[in-house]
Amino acid sequence: MLALRVQNLSKTFPLKKPLFGAAAPGVRAVRPTSFDVARGETLGVVGESGCGKSTLARMLVGLLDPTEGSIEIEGHALNTADPSEFGKLIQYVFQDPNSSLNPRKTIRQIMEAPLKHLHKMAKPERDQRIREIFASVNLRESFLDRYPHEFSGGQAQRIGIARALAAQPRIIILDEPVSALDVSVQAQVLNLLADLKAQFGLTYLFITHDLAVVEAVSDRIVVLYFGTVVEVGRAERIFARPRHPYTKLLADCAPVVGRPLTAPEQKGSELPDPLNPPPGCAFAGRCPRTTEICWTTEPELKSMGEDQLAACHQPLED
Amino acid sequence: MTLFLNLVFRNRLAAMGAVVITAILLLALLTPILPMHDPDVTATADRFKRPFSDGHILGTDHLGRDLLSRLLHGTRLSLAVGIAAALIAAATGATIGIVAGYFGGRIDNVIMRVVDMLMAFPYILLALAIVAALGPGLMNALIAVAAVNVPFFARNIRGITVGLAGREFIEAATLAGMGHTKIILTELLPNVLPVIVIAMSTTVGWMILETAGLSFLGLGSQPPQADLGSMLGEARSAMISHPHTSVVPGIMIFLIVMSINLLGDGVRDALDPRLRSGALSRPRATTLVDRKGPLPAPTNDLLSIRDLETQFHVGARTYKAVGGVSLAVKPGECLGVIGESGSGKSVTALSVMGLVASPPGVITSGAVYFQGEDLIGAAYETLRKKRGDRVAYIFQDPLSTLHPLYRVGHQLAEAIQSHQKVPNHKARARAIQLLKDVRIPNADSRIDDYPHEMSGGMRQRVGIAMALANDPDVIIADEPTTALDVTVQAQILSLLNDLRRDRGLAIIFITHDFGVIAQLCDRVAVMYAGRIVEEGPTQAVLDAPAHPYTKHLIACVPELGQGRRVLATIPGLPPMVDDLPLGCAFAPRCYKAQDKCREREIQLLGTKPRAVRCLFPEEPV
């Protein structure tokens, strides 16, 4: 059973039309992208800054309208026209826990908003529900009447998760949920997320740039580069046996205890220019395996055996 | 609320303004029940009586009306009109501003261009035009003054709203199912309210003046009704012969406007969060030093930090950010300092060159020896000569350390020329060479880029180039790769590694990432709550951590290649450094803590090069 199906989703940000001449074609933040997420699965999304992972997430929760493509949640097309409907299906946990909480509202007011507006619950019901949720994210009830600035990053992020849970969604998008936290707190939050998923039967889309974190929490991982999916595979295999040279580059660059320091990439390579995208494979400029076809034809996502897919003309072998 | 009043009244002038305006407001409110002459009854026989004459304390005007009575009634009217105009202008302007700022796009464009058009007229001309169209009268003057001030509020509030509307809590509200009206009323309004109050408190006085101005011209209150402006207007013809008729209302206007403005400034200072945090008070050029007792002995290392203590004094609280840290580096060596936020690692680094902001930072103990010379007690000029020349810094965020308005080449040349007397063309050639050294492609053309034209990795390379500009002996790098992508991080780390091998640089590398430490650093010091809890050669510490904190911290960090799993955690939170427990600061979170751990301070002990601050270490060292 599919929780989420994304088909040919893309987003182009238009550029301002110059005073003279025609408008430029715009920046393609997300190029046509398709993937499925099964119910109860955690799909990791990794990529470097500017690869379109946040744009993708914001389209999924209706904060941004896609240019093209469709989003289906449990078989029904996502209708973003009515916020009180899609809010019950899909929720979002923000990267910066402090800026996602209104500084002038108490935690109780923040927690009540989804219950009141999405589920139209009455006051006693809401109190009961908030108590339950706070118990499941290990927060004290005495926190409810305090203001956001009184909390540490880890506590604020748990409040953010509690708010997302309050909407009783089917899917939660986690956009770099632990990258603003200290390592000792980061592990607490990651374990909590795993517990909650089992408890409430949730489906996660976990977006991050930290390969070790995404490997530790995901079932499958999608690697994004320059607004498009370059590789999809099982979490335990994708970094150990990458097919796409970019995935291999990422895995080689991650600092690992016990591995000598190397710069795996030749010096001076830079990301492609989004205003003037190259023809062919976007990674060709940084790739050690390029052949002629890479510079002319954009590679399609192809099966590379054992539920691993990669978009590469010259995939790596085992 | 009491805190707010305390803040306001700490400002003497604001307190004075508050007293005066309260007295005037009370008088104005009590006017109808005070035993006084009718302000509008004329008695031409008594005209132009001097002040302090019988029955008329302030004398009479050109129609023999009692000036005191007219003054109080006039004040009442002027205040009422001014405050009403301010309220109307604030309400209308704020509504326009919030709507324009929240919806943005075309709505914003149309609304703000109309507001711009209003602002293009000189305000008095606009007010005159409005009154001319509506006809003279106090009510119409009020409308005119309010309308003239709407753009000020609209622009102010729109600016704040645009900033807030992009914040994540607004998006969170959308996802919680709130509609636009709800978001504006319950999410945005509470956040812009302080700004509206600030803007009002600083403009009420101005609006009272404007109303008086219109009345002075005869366009506001109509005779015989008195307001302060019309009293002045009527007294104008007798200004030379009977000056008291114009001096009396003049002083009153002066008192009202002055006291409101003083109070308004006080309110603004108390409400503005930037002023409250003290961000606008300029820090000193070097950190304040207040050391007692004998200095620790110098060592023969290149740079050695000895028993350093740095504190922040905020109000009555003392934050012991660094509580007795000793570190040392030799040429060509890389020392890693690892710890969570608040562990004091950055403050330690900034203390070396006296870069901790003072106030509130104070170095209370210890010394920093650079080639045997103490830097902590050094004069500003000595420090300034060494900063960036012998000891250079690389900071976390290159976007905020590079000046956005100068080309990077200019900034590099400036870094060189502030320590060496070289002509411009030589400085530029050296800057290009530096960019080549940090492997920026096309250095000759990129030297003329502005910082925003470069990617994050390129900017950080410029930051490193700047640190290398004067061939320093020591580089202190404070999380230089935290904001960067992994592929860029790998390049920057290998660059730093090459530099220390080629030039014999000593590097103090501050981070929270064990992977980075393992790859780059020879030795590592682990910090917790302002102290070093463990130190030793990197490999030894990582293989066999001795302090329970180190051991748990390593276990918390997921490592690539271990697959999906439950992560180890450390229960609880790091302590606040203004309220440290006696004994081991980690004891409340430690699984093997005993009463002994909480009794007295624990020493950093061990056989060189390893040491640990723990009574029950995991490994003997």
# chains A, B, ... in the order shown; residues from 1 in each chain; ligands from 1

$ residues_around --residues "Gln91 (chain A)" --least-positions-apart "2" --cutoff "9 Å" --atoms "only C-alpha atoms" --output "PDB file with N, CA and C atoms, in the first residue's frame"
ATOM      1  N   VAL A  61       3.806  19.550   1.142  1.00  0.00           N
ATOM      2  CA  VAL A  61       2.861  19.965   2.177  1.00  0.00           C
ATOM      3  C   VAL A  61       2.008  21.151   1.746  1.00  0.00           C
ATOM      4  N   PHE A  86      -5.819  18.938   3.790  1.00  0.00           N
ATOM      5  CA  PHE A  86      -4.519  18.289   3.598  1.00  0.00           C
ATOM      6  C   PHE A  86      -3.679  18.312   4.866  1.00  0.00           C
ATOM      7  N   GLY A  87      -3.981  19.245   5.784  1.00  0.00           N
ATOM      8  CA  GLY A  87      -3.261  19.261   7.060  1.00  0.00           C
ATOM      9  C   GLY A  87      -3.446  17.987   7.856  1.00  0.00           C
ATOM     10  N   LYS A  88      -4.566  17.282   7.611  1.00  0.00           N
ATOM     11  CA  LYS A  88      -4.813  16.046   8.338  1.00  0.00           C
ATOM     12  C   LYS A  88      -4.063  14.871   7.714  1.00  0.00           C
ATOM     13  N   LEU A  89      -3.602  15.060   6.473  1.00  0.00           N
ATOM     14  CA  LEU A  89      -2.919  13.965   5.788  1.00  0.00           C
ATOM     15  C   LEU A  89      -1.415  14.051   5.958  1.00  0.00           C
ATOM     16  N   VAL A  93       7.792  19.024   9.917  1.00  0.00           N
ATOM     17  CA  VAL A  93       8.578  19.433  11.078  1.00  0.00           C
ATOM     18  C   VAL A  93       9.739  20.269  10.554  1.00  0.00           C
ATOM     19  N   ALA A 164       3.106  18.562  15.101  1.00  0.00           N
ATOM     20  CA  ALA A 164       2.820  17.810  13.878  1.00  0.00           C
ATOM     21  C   ALA A 164       1.975  16.583  14.197  1.00  0.00           C
ATOM     22  N   LEU A 165       2.264  15.918  15.318  1.00  0.00           N
ATOM     23  CA  LEU A 165       1.495  14.726  15.698  1.00  0.00           C
ATOM     24  C   LEU A 165       0.050  15.066  16.023  1.00  0.00           C
ATOM     25  N   ALA A 167      -1.975  16.881  14.635  1.00  0.00           N
ATOM     26  CA  ALA A 167      -2.856  16.883  13.475  1.00  0.00           C
ATOM     27  C   ALA A 167      -3.252  15.470  13.059  1.00  0.00           C
ATOM     28  N   GLN A 168      -2.672  14.460  13.697  1.00  0.00           N
ATOM     29  CA  GLN A 168      -2.901  13.051  13.350  1.00  0.00           C
ATOM     30  C   GLN A 168      -2.722  12.791  11.865  1.00  0.00           C
ATOM     31  N   PRO A 169      -1.562  13.166  11.319  1.00  0.00           N
ATOM     32  CA  PRO A 169      -1.363  13.000   9.876  1.00  0.00           C
ATOM     33  C   PRO A 169      -1.000  11.561   9.543  1.00  0.00           C
ATOM     34  N   ARG A 170      -1.053  11.237   8.268  1.00  0.00           N
ATOM     35  CA  ARG A 170      -0.589   9.930   7.814  1.00  0.00           C
ATOM     36  C   ARG A 170       0.918   9.972   7.539  1.00  0.00           C
ATOM     37  N   ILE A 171       1.359  11.132   7.071  1.00  0.00           N
ATOM     38  CA  ILE A 171       2.758  11.275   6.657  1.00  0.00           C
ATOM     39  C   ILE A 171       3.349  12.495   7.353  1.00  0.00           C
ATOM     40  N   ILE A 172       4.584  12.392   7.809  1.00  0.00           N
ATOM     41  CA  ILE A 172       5.267  13.579   8.341  1.00  0.00           C
ATOM     42  C   ILE A 172       6.533  13.813   7.524  1.00  0.00           C
ATOM     43  N   ILE A 173       6.681  15.060   7.069  1.00  0.00           N
ATOM     44  CA  ILE A 173       7.897  15.458   6.371  1.00  0.00           C
ATOM     45  C   ILE A 173       8.839  16.043   7.407  1.00  0.00           C
ATOM     46  N   LEU A 174      10.015  15.480   7.548  1.00  0.00           N
ATOM     47  CA  LEU A 174      10.980  15.973   8.527  1.00  0.00           C
ATOM     48  C   LEU A 174      12.086  16.674   7.748  1.00  0.00           C
TER      49      LEU A 174
ATOM     50  N   ALA B 172       3.733  27.134   9.725  1.00  0.00           N
ATOM     51  CA  ALA B 172       3.199  26.116  10.628  1.00  0.00           C
ATOM     52  C   ALA B 172       1.720  26.382  10.897  1.00  0.00           C
ATOM     53  N   LEU B 175      -0.335  25.138   8.091  1.00  0.00           N
ATOM     54  CA  LEU B 175      -0.463  23.687   8.136  1.00  0.00           C
ATOM     55  C   LEU B 175      -1.387  23.243   9.258  1.00  0.00           C
ATOM     56  N   ALA B 176      -1.573  24.110  10.265  1.00  0.00           N
ATOM     57  CA  ALA B 176      -2.501  23.772  11.342  1.00  0.00           C
ATOM     58  C   ALA B 176      -3.931  24.105  10.938  1.00  0.00           C
TER      59      ALA B 176
END

$ closest_atom_pairs --of "chain A" --to "chain B" --cutoff "6 Å" --atoms "only C-alpha atoms" --output "tab-separated table"
residue	atom	partner	partner_atom	distance
A:Glu48	CA	B:Asp485	CA	5.8
A:Pro83	CA	B:Gly177	CA	5.0
A:Ser84	CA	B:Gly177	CA	4.4
A:Gly87	CA	B:Leu175	CA	5.3
A:Ser99	CA	B:Glu168	CA	5.8
A:Ser100	CA	B:Phe169	CA	4.0
A:Leu101	CA	B:Phe169	CA	5.1
A:Asn102	CA	B:Phe169	CA	5.5
A:Ala113	CA	B:Ala176	CA	5.9
A:Pro114	CA	B:Ala176	CA	4.2
A:His117	CA	B:Gly177	CA	5.3
A:Leu118	CA	B:Gly177	CA	5.5
A:Asp182	CA	B:Glu340	CA	5.9
A:Ser184	CA	B:Ile570	CA	5.7
A:Ala187	CA	B:Thr569	CA	5.5
A:Gln188	CA	B:Thr569	CA	5.7
A:Ala212	CA	B:Leu560	CA	4.3
A:Val213	CA	B:Pro558	CA	5.9
A:Glu215	CA	B:Gly563	CA	5.8
A:Ala216	CA	B:Arg564	CA	4.0
A:Val217	CA	B:Arg564	CA	5.6
A:Glu236	CA	B:Gly563	CA	5.3
A:Cys253	CA	B:Thr487	CA	5.4
A:Ala254	CA	B:Val486	CA	5.9
A:Pro255	CA	B:Gly515	CA	4.6
A:Val256	CA	B:Gly515	CA	4.7
A:Val257	CA	B:Gly515	CA	4.9
A:Pro260	CA	B:Gln519	CA	5.8
A:Leu261	CA	B:Gln519	CA	5.1
A:Ala263	CA	B:Gln491	CA	5.2
A:Gly268	CA	B:Pro441	CA	5.4

$ write_last_selection --atoms "C-alpha atoms" --output "PDB file, in the first residue's frame"
ATOM      1  CA  GLU A  48      23.703  19.154  -0.820  1.00  0.00           C
ATOM      2  CA  PRO A  83      -5.792  23.723   4.278  1.00  0.00           C
ATOM      3  CA  SER A  84      -8.018  21.996   6.828  1.00  0.00           C
ATOM      4  CA  GLY A  87      -3.261  19.261   7.060  1.00  0.00           C
ATOM      5  CA  SER A  99      11.623  30.052  14.538  1.00  0.00           C
ATOM      6  CA  SER A 100       8.780  27.606  13.880  1.00  0.00           C
ATOM      7  CA  LEU A 101       7.120  28.464  17.206  1.00  0.00           C
ATOM      8  CA  ASN A 102       5.361  31.818  17.529  1.00  0.00           C
ATOM      9  CA  ALA A 113      -4.199  25.253  16.825  1.00  0.00           C
ATOM     10  CA  PRO A 114      -4.212  22.002  14.782  1.00  0.00           C
ATOM     11  CA  HIS A 117      -8.796  24.108  13.206  1.00  0.00           C
ATOM     12  CA  LEU A 118      -8.213  20.686  11.686  1.00  0.00           C
ATOM     13  CA  ASP A 182      23.755  19.112  19.580  1.00  0.00           C
ATOM     14  CA  SER A 184      23.789  14.221  22.412  1.00  0.00           C
ATOM     15  CA  ALA A 187      20.279  11.059  19.197  1.00  0.00           C
ATOM     16  CA  GLN A 188      17.422  11.536  21.696  1.00  0.00           C
ATOM     17  CA  ALA A 212      25.266   9.011   8.624  1.00  0.00           C
ATOM     18  CA  VAL A 213      21.977  10.205  10.140  1.00  0.00           C
ATOM     19  CA  GLU A 215      21.471   5.887   6.907  1.00  0.00           C
ATOM     20  CA  ALA A 216      20.693   5.260  10.570  1.00  0.00           C
ATOM     21  CA  VAL A 217      16.980   6.098  10.287  1.00  0.00           C
ATOM     22  CA  GLU A 236      22.085  -0.337   3.899  1.00  0.00           C
ATOM     23  CA  CYS A 253      33.551  12.806   1.487  1.00  0.00           C
ATOM     24  CA  ALA A 254      31.741  12.033   4.738  1.00  0.00           C
ATOM     25  CA  PRO A 255      34.295  12.228   7.539  1.00  0.00           C
ATOM     26  CA  VAL A 256      34.639   8.804   9.098  1.00  0.00           C
ATOM     27  CA  VAL A 257      36.771   7.897  12.091  1.00  0.00           C
ATOM     28  CA  PRO A 260      42.638   9.012   6.257  1.00  0.00           C
ATOM     29  CA  LEU A 261      41.903  12.532   5.105  1.00  0.00           C
ATOM     30  CA  ALA A 263      39.979  15.171  -1.059  1.00  0.00           C
ATOM     31  CA  GLY A 268      38.293  23.481  -8.375  1.00  0.00           C
TER      32      GLY A 268
END

$ select_by_dssp --residues "region 17-171 of chain A" --states "strand (DSSP E or B)" --output "VMD selection string"
chain A and resid 27 to 38 42 to 46 68 to 73 76 to 77 90 to 93 171

$ write_last_selection --atoms "N, CA, C and O atoms" --output "compact mmCIF listing (two decimals), in the first residue's frame"
# COMPACT_ATOMS: atom_id res chain seq x y z
N VAL A 27 14.37 29.47 -13.10
CA VAL A 27 15.26 28.53 -12.42
C VAL A 27 14.49 27.26 -12.12
O VAL A 27 13.46 27.29 -11.46
N ARG A 28 15.03 26.15 -12.60
CA ARG A 28 14.34 24.88 -12.35
C ARG A 28 14.86 24.28 -11.05
O ARG A 28 15.88 23.60 -11.04
N ALA A 29 14.16 24.58 -9.95
CA ALA A 29 14.62 24.12 -8.65
C ALA A 29 14.45 22.62 -8.50
O ALA A 29 15.30 21.94 -7.94
N VAL A 30 13.31 22.11 -8.99
CA VAL A 30 13.09 20.67 -8.99
C VAL A 30 12.72 20.28 -10.40
O VAL A 30 11.76 20.80 -10.97
N ARG A 31 13.49 19.39 -10.99
CA ARG A 31 13.18 18.90 -12.32
C ARG A 31 12.28 17.68 -12.19
O ARG A 31 12.23 17.08 -11.11
N PRO A 32 11.51 17.33 -13.23
CA PRO A 32 10.48 16.30 -13.06
C PRO A 32 10.98 15.10 -12.27
O PRO A 32 11.96 14.45 -12.64
N THR A 33 10.31 14.84 -11.15
CA THR A 33 10.76 13.86 -10.19
C THR A 33 9.61 12.93 -9.84
O THR A 33 8.50 13.40 -9.62
N SER A 34 9.86 11.62 -9.82
CA SER A 34 8.84 10.66 -9.43
C SER A 34 9.40 9.71 -8.40
O SER A 34 10.54 9.27 -8.52
N PHE A 35 8.61 9.42 -7.36
CA PHE A 35 8.99 8.35 -6.43
C PHE A 35 7.76 7.94 -5.63
O PHE A 35 6.76 8.66 -5.60
N ASP A 36 7.83 6.76 -5.03
CA ASP A 36 6.74 6.25 -4.20
C ASP A 36 7.27 6.03 -2.78
O ASP A 36 8.43 5.72 -2.61
N VAL A 37 6.38 6.18 -1.81
CA VAL A 37 6.74 5.84 -0.44
C VAL A 37 5.67 4.88 0.08
O VAL A 37 4.48 5.20 0.02
N ALA A 38 6.11 3.72 0.55
CA ALA A 38 5.14 2.75 1.06
C ALA A 38 4.68 3.15 2.46
O ALA A 38 5.37 3.90 3.16
N THR A 42 10.26 4.74 6.01
CA THR A 42 10.98 6.01 6.13
C THR A 42 11.83 6.17 4.89
O THR A 42 12.72 5.36 4.63
N LEU A 43 11.50 7.21 4.11
CA LEU A 43 12.29 7.47 2.92
C LEU A 43 13.24 8.62 3.23
O LEU A 43 12.80 9.72 3.59
N GLY A 44 14.52 8.38 3.13
CA GLY A 44 15.50 9.43 3.34
C GLY A 44 15.72 10.20 2.05
O GLY A 44 15.73 9.61 0.97
N VAL A 45 15.86 11.51 2.16
CA VAL A 45 16.18 12.33 0.98
C VAL A 45 17.47 13.07 1.30
O VAL A 45 17.51 13.85 2.25
N VAL A 46 18.55 12.79 0.56
CA VAL A 46 19.80 13.48 0.82
C VAL A 46 20.22 14.29 -0.39
O VAL A 46 19.88 13.97 -1.53
N GLU A 68 4.43 21.52 -12.30
CA GLU A 68 3.84 20.40 -13.02
C GLU A 68 3.82 19.20 -12.10
O GLU A 68 4.47 19.18 -11.06
N GLY A 69 3.08 18.18 -12.53
CA GLY A 69 3.13 16.91 -11.82
C GLY A 69 2.03 16.76 -10.79
O GLY A 69 1.25 17.68 -10.55
N SER A 70 1.98 15.57 -10.19
CA SER A 70 0.90 15.30 -9.25
C SER A 70 1.43 14.64 -7.98
O SER A 70 2.48 13.99 -7.99
N ILE A 71 0.69 14.85 -6.89
CA ILE A 71 1.02 14.24 -5.61
C ILE A 71 -0.22 13.46 -5.17
O ILE A 71 -1.32 14.02 -5.14
N GLU A 72 -0.04 12.19 -4.87
CA GLU A 72 -1.15 11.38 -4.38
C GLU A 72 -0.84 10.88 -2.99
O GLU A 72 0.25 10.37 -2.75
N ILE A 73 -1.79 11.04 -2.08
CA ILE A 73 -1.62 10.50 -0.74
C ILE A 73 -2.64 9.40 -0.54
O ILE A 73 -3.85 9.65 -0.63
N HIS A 76 -5.33 9.17 -3.18
CA HIS A 76 -6.12 10.34 -3.55
C HIS A 76 -5.21 11.51 -3.88
O HIS A 76 -4.24 11.76 -3.17
N ALA A 77 -5.56 12.23 -4.94
CA ALA A 77 -4.75 13.37 -5.33
C ALA A 77 -4.81 14.42 -4.22
O ALA A 77 -5.87 14.66 -3.64
N ILE A 90 -0.89 15.26 5.87
CA ILE A 90 0.56 15.39 5.81
C ILE A 90 0.98 16.59 6.67
O ILE A 90 0.32 17.62 6.68
N GLN A 91 2.01 16.41 7.46
CA GLN A 91 2.49 17.50 8.31
C GLN A 91 3.99 17.66 8.14
O GLN A 91 4.65 16.82 7.53
N TYR A 92 4.51 18.75 8.72
CA TYR A 92 5.87 19.17 8.43
C TYR A 92 6.57 19.48 9.75
O TYR A 92 5.99 20.13 10.62
N VAL A 93 7.79 19.02 9.92
CA VAL A 93 8.58 19.43 11.08
C VAL A 93 9.74 20.27 10.55
O VAL A 93 10.49 19.83 9.68
N ILE A 171 1.36 11.13 7.07
CA ILE A 171 2.76 11.28 6.66
C ILE A 171 3.35 12.50 7.35
O ILE A 171 2.68 13.52 7.48

$ residues_around --residues "Gln95 (chain A)" --least-positions-apart "5" --cutoff "12 Å" --atoms "only C-alpha atoms" --output "list in words"
Ser54, Ala57, Ser100, Leu101, Gly153, Gly154, Ala156, Gln157, Arg158, Gly160, Ile161, Ile173, Leu174, Asp175, Glu176, Pro177, Val178, Ser179, Ala180, Leu181, Phe206, Ile207, Thr208 and His209 of chain A; Arg167, Glu168, Phe169 and Ala172 of chain B

$ select_by_dssp --residues "region 378-593 of chain B" --states "helix (DSSP H, G or I)" --output "ChimeraX atom specification"
/B:380-386,398-401,408-417,424-437,443-446,451-453,456-468,486-503,514-520,538-543,548-556,587-589

$ residues_around --residues "Ala297 (chain B)" --least-positions-apart "3" --cutoff "12 Å" --atoms "only C-alpha atoms" --output "number ranges by chain"
B: 294, 300-301, 304-307, 326, 366-369, 372-374

$ write_last_selection --atoms "all heavy atoms" --output "compact mmCIF listing (two decimals), in the first residue's frame"
# COMPACT_ATOMS: atom_id res chain seq x y z
N PRO B 294 48.74 35.37 41.30
CA PRO B 294 49.92 35.25 40.43
C PRO B 294 49.58 34.60 39.10
O PRO B 294 48.62 33.82 39.02
CB PRO B 294 50.86 34.36 41.25
CG PRO B 294 49.94 33.56 42.13
CD PRO B 294 48.76 34.42 42.41
N ASN B 300 57.32 26.61 26.90
CA ASN B 300 58.07 26.86 25.67
C ASN B 300 57.31 26.44 24.41
O ASN B 300 57.89 26.24 23.36
CB ASN B 300 59.44 26.17 25.73
CG ASN B 300 59.29 24.69 26.04
OD1 ASN B 300 58.15 24.19 26.11
ND2 ASN B 300 60.40 24.00 26.21
N ASP B 301 55.97 26.29 24.52
CA ASP B 301 55.18 26.01 23.33
C ASP B 301 55.03 27.27 22.48
O ASP B 301 55.29 28.37 22.96
CB ASP B 301 53.78 25.52 23.73
CG ASP B 301 53.86 24.21 24.48
OD1 ASP B 301 54.21 23.20 23.87
OD2 ASP B 301 53.58 24.22 25.70
N SER B 304 50.43 28.86 24.20
CA SER B 304 49.88 28.05 25.28
C SER B 304 48.88 28.86 26.09
O SER B 304 49.13 30.01 26.45
CB SER B 304 51.01 27.49 26.16
OG SER B 304 51.52 28.48 27.00
N ILE B 305 47.75 28.25 26.31
CA ILE B 305 46.69 28.84 27.12
C ILE B 305 46.83 28.20 28.50
O ILE B 305 46.88 26.98 28.61
CB ILE B 305 45.31 28.52 26.51
CG1 ILE B 305 45.24 29.07 25.08
CG2 ILE B 305 44.19 29.06 27.36
CD1 ILE B 305 44.02 28.60 24.32
N ARG B 306 46.95 29.02 29.55
CA ARG B 306 47.20 28.47 30.88
C ARG B 306 46.08 28.90 31.83
O ARG B 306 45.89 30.08 32.08
CB ARG B 306 48.54 28.97 31.43
CG ARG B 306 49.73 28.72 30.52
CD ARG B 306 50.24 27.31 30.61
NE ARG B 306 50.66 26.98 31.97
CZ ARG B 306 50.63 25.75 32.46
NH1 ARG B 306 50.18 24.76 31.73
NH2 ARG B 306 51.01 25.53 33.71
N ASP B 307 45.36 27.94 32.37
CA ASP B 307 44.34 28.16 33.41
C ASP B 307 43.41 29.32 33.08
O ASP B 307 43.06 30.13 33.95
CB ASP B 307 45.00 28.42 34.78
CG ASP B 307 45.87 27.25 35.18
OD1 ASP B 307 45.50 26.11 34.85
OD2 ASP B 307 46.92 27.48 35.80
N SER B 326 43.53 24.83 30.03
CA SER B 326 44.93 24.89 29.60
C SER B 326 45.10 24.08 28.32
O SER B 326 44.70 22.92 28.27
CB SER B 326 45.86 24.30 30.68
OG SER B 326 45.74 25.07 31.86
N GLY B 366 44.22 33.47 34.57
CA GLY B 366 44.98 32.72 33.60
C GLY B 366 45.78 33.60 32.66
O GLY B 366 45.79 34.83 32.78
N ALA B 367 46.47 32.95 31.72
CA ALA B 367 47.32 33.69 30.79
C ALA B 367 47.35 32.95 29.46
O ALA B 367 47.03 31.77 29.39
CB ALA B 367 48.73 33.81 31.35
N VAL B 368 47.68 33.68 28.39
CA VAL B 368 47.88 33.07 27.09
C VAL B 368 49.26 33.49 26.62
O VAL B 368 49.52 34.68 26.42
CB VAL B 368 46.81 33.53 26.08
CG1 VAL B 368 47.14 33.00 24.70
CG2 VAL B 368 45.42 33.09 26.50
N TYR B 369 50.18 32.53 26.51
CA TYR B 369 51.55 32.86 26.10
C TYR B 369 51.75 32.55 24.64
O TYR B 369 51.53 31.42 24.20
CB TYR B 369 52.55 32.08 26.94
CG TYR B 369 52.53 32.49 28.39
CD1 TYR B 369 51.94 31.67 29.34
CD2 TYR B 369 53.09 33.69 28.79
CE1 TYR B 369 51.90 32.05 30.67
CE2 TYR B 369 53.05 34.09 30.12
CZ TYR B 369 52.45 33.25 31.05
OH TYR B 369 52.41 33.64 32.36
N GLY B 372 56.15 32.84 24.53
CA GLY B 372 56.60 33.29 25.83
C GLY B 372 56.04 34.63 26.30
O GLY B 372 56.26 35.04 27.43
N GLU B 373 55.29 35.33 25.43
CA GLU B 373 54.78 36.65 25.79
C GLU B 373 53.29 36.54 26.14
O GLU B 373 52.52 35.92 25.42
CB GLU B 373 54.97 37.58 24.59
CG GLU B 373 54.54 39.00 24.85
CD GLU B 373 54.57 39.83 23.55
OE1 GLU B 373 55.00 39.29 22.51
OE2 GLU B 373 54.15 40.98 23.60
N ASP B 374 52.90 37.14 27.27
CA ASP B 374 51.52 37.04 27.71
C ASP B 374 50.62 37.97 26.88
O ASP B 374 50.88 39.18 26.78
CB ASP B 374 51.41 37.42 29.19
CG ASP B 374 50.00 37.21 29.71
OD1 ASP B 374 49.21 36.51 29.04
OD2 ASP B 374 49.69 37.74 30.80

$ atom_distance --atom1 "CA of Thr67 (chain A)" --atom2 "CA of Asn79 (chain A)"
14.6 Å

$ residues_around --residues "Ile476 (chain B)" --least-positions-apart "5" --cutoff "10 Å" --atoms "only C-alpha atoms" --output "ChimeraX atom specification"
/B:334-335,346,349-350,352,391-395,467,506-510

$ residues_around --residues "Arg50 (chain B)" --least-positions-apart "2" --cutoff "9 Å" --atoms "only C-alpha atoms" --output "number ranges by chain"
B: 48, 52-53, 56-60, 242, 244

$ residues_around --residues "Thr95 (chain B)" --least-positions-apart "4" --cutoff "9 Å" --atoms "only C-alpha atoms" --output "ChimeraX atom specification"
/B:90-91,99-100,154,157

$ atom_distance --atom1 "CA of Pro39 (chain B)" --atom2 "CA of Asp227 (chain B)"
10.9 Å

$ atom_distance --atom1 "CA of Ala238 (chain B)" --atom2 "CA of Leu79 (chain B)"
25.4 Å
